Amino acid sequence: MERFFLYLIMERVWQKDYANHLEATTDIADYTVGFYNNFRLHSKLGNLSPNVFERESTSKNLSSCPKLLDHHMLILHSYWLSLATYRVRIALNLKAVAFEERPHDLTKGEQHLPDFRKLNPAGAVPALEGGTRQPLTQSLAILEWLEESYPTPPLLPLDAEGRARVRSLFLLTASDTHPLVVPRVQARLTKQFGSNEATGRAWSAYWFREGLAAFEAQLAPGATRCHGEALSIADLALASHLIGVSRFGVDLTEFPRTAAVGASLFALPEFASAHPRLQLGAPSA
Ligand SMILES: N[C@@H](CCC(=O)N[C@@H](CS)C(=O)NCC(=O)O)C(=O)O
């Protein structure tokens with residue numbers, strides 16, 4: 001166990017650049033406690049105190065040490081405007097996980113190239129390579145993997161009801177809005193139904209507005225986060241939804257709660273620096 005914690009501390013130090021000793025010890029203590037608690041509370045043994053958990057996991061011959069990752073640099077395959085990639089980029093920032101980004105130009109069809117299809121046979125970004133035997137795809141799956149591999153800060157609540165609510169808000173945009181507007185769907189609308197740029201934009205605006213109404217109805221008055229006071233994957237989803245809202249010119253005035261949560265999220269450096277327009281390949285103006 002001691003060896004496990006030593007590795008964990010080394011992992012954290014490797015990720016961060018501390019200003020002084022106090023900042024380092026505080027952060028490392030938070031990180032290791034958060035990591036251990038997350039592992040303990042989600043273990044098969046259920047919700048046990050640390051002492052009982054250690055005793056039970058030893059007597060049942062279960063390893064109480066989570067598996068450590070091989071530390072290959074993570075590679076995030078992306079496209080600057082990709083909303084799904086934006087969700088993942090924010091989580092990597094929040095969890096202070098080092099990664100390298102490799103852009104693929106979706107407007108040039110690079111998602112269909114054979115080498116890219118080996119990474120993701122579905123021909124879509126994001127794909128996260130380097131932490132697992134096979135590249136990970138689908139923003140939700142990637143975020144769940146990040147959550148289990150880098151638990152601090154947690155982006156899922158500890159209680160089952162909270163986790164269900166947060167996942168539900170996440171899917172509101174990730175599975176009910178966003179898939180309707182991605183390039184392959186737009187291309188199909190054009191090919192099969194003669195859609196053009198203007199009708200494609202109106203179509204996207206319609207679905208983003210529908211998503212906004214559903215967010216608005218589920219956010220608390222005065223809230224600065226989607227769920228309680230802590231950040232969660234629902235906030236990553238909302239931020240990505242709001243990028244689509246602005247891109248397709250949807251008016252936010254009727255959605256003040258959503259606008260307020262969005263404003264407080266975009267003010268956070270981890271969200272701001274992950275913003276699509278600041279990424280490689282984005283037009284300069
Ligand atoms: N459900 C997927 C969405 C993946 C997806 O469709 N990504 C878009 C960019 S945001 C893409 O690569 N589209 C390529 C295409 O439609 O041809 C996720 O959440 O990761």
# chains A, B, ... in the order shown; residues from 1 in each chain; ligands from 1
>>> residues_around(residues="His227 in chain A", least_positions_apart="4", cutoff="8 Å", atoms="only C-alpha atoms", output="ChimeraX atom specification")
/A:162,165-166,219,231-232,234
>>> write_last_selection(atoms="N, CA and C atoms", output="compact mmCIF listing (two decimals), in the first residue's frame")
# COMPACT_ATOMS: atom_id res chain seq x y z
N GLY A 162 -27.50 11.66 -7.50
CA GLY A 162 -26.77 12.79 -8.09
C GLY A 162 -26.08 12.36 -9.38
N ARG A 165 -28.58 12.10 -12.14
CA ARG A 165 -29.04 13.41 -12.63
C ARG A 165 -27.99 14.06 -13.54
N VAL A 166 -26.75 13.98 -13.09
CA VAL A 166 -25.66 14.60 -13.84
C VAL A 166 -25.50 13.91 -15.21
N LEU A 219 -32.52 23.50 -14.25
CA LEU A 219 -31.52 24.20 -13.44
C LEU A 219 -32.20 24.99 -12.33
N LEU A 231 -18.47 21.25 -9.63
CA LEU A 231 -18.47 21.01 -11.08
C LEU A 231 -18.74 19.54 -11.35
N SER A 232 -19.39 19.29 -12.46
CA SER A 232 -19.65 17.89 -12.83
C SER A 232 -19.63 17.80 -14.36
N ALA A 234 -21.99 17.37 -16.16
CA ALA A 234 -23.14 18.11 -16.70
C ALA A 234 -22.70 19.53 -17.11
>>> residues_near_ligand(ligand="ligand 1", cutoff="9 Å", atoms="only C-alpha atoms and all ligand atoms", output="ChimeraX atom specification")
/A:78-79,81-88,104,106-107,109-112,122-127,137-142,171,174-175,178-179,181-187
>>> closest_residue(among="A:Glu161, A:Asp176, A:Asp235, A:Asp251", to="Leu265 in chain A", atoms="only C-alpha atoms")
A:Asp235
>>> select_by_dssp(residues="range 196-280 of chain A", states="helix (DSSP H, G or I)", output="ChimeraX atom specification")
/A:197-218,233-247,256-266,269-272,276-278
>>> select_by_dssp(residues="range 111-254 of chain A", states="strand (DSSP E or B)", output="PyMOL selection string")
chain A and resi 127-129+136-137
>>> closest_residue(among="A:Trp145, A:Phe193, A:Phe255, A:Trp80", to="Glu216 in chain A", atoms="only C-alpha atoms")
A:Phe255
>>> closest_residue(among="A:Leu92, A:Ser284, A:Leu242, A:Glu229", to="Glu147 in chain A", atoms="only C-alpha atoms")
A:Leu92
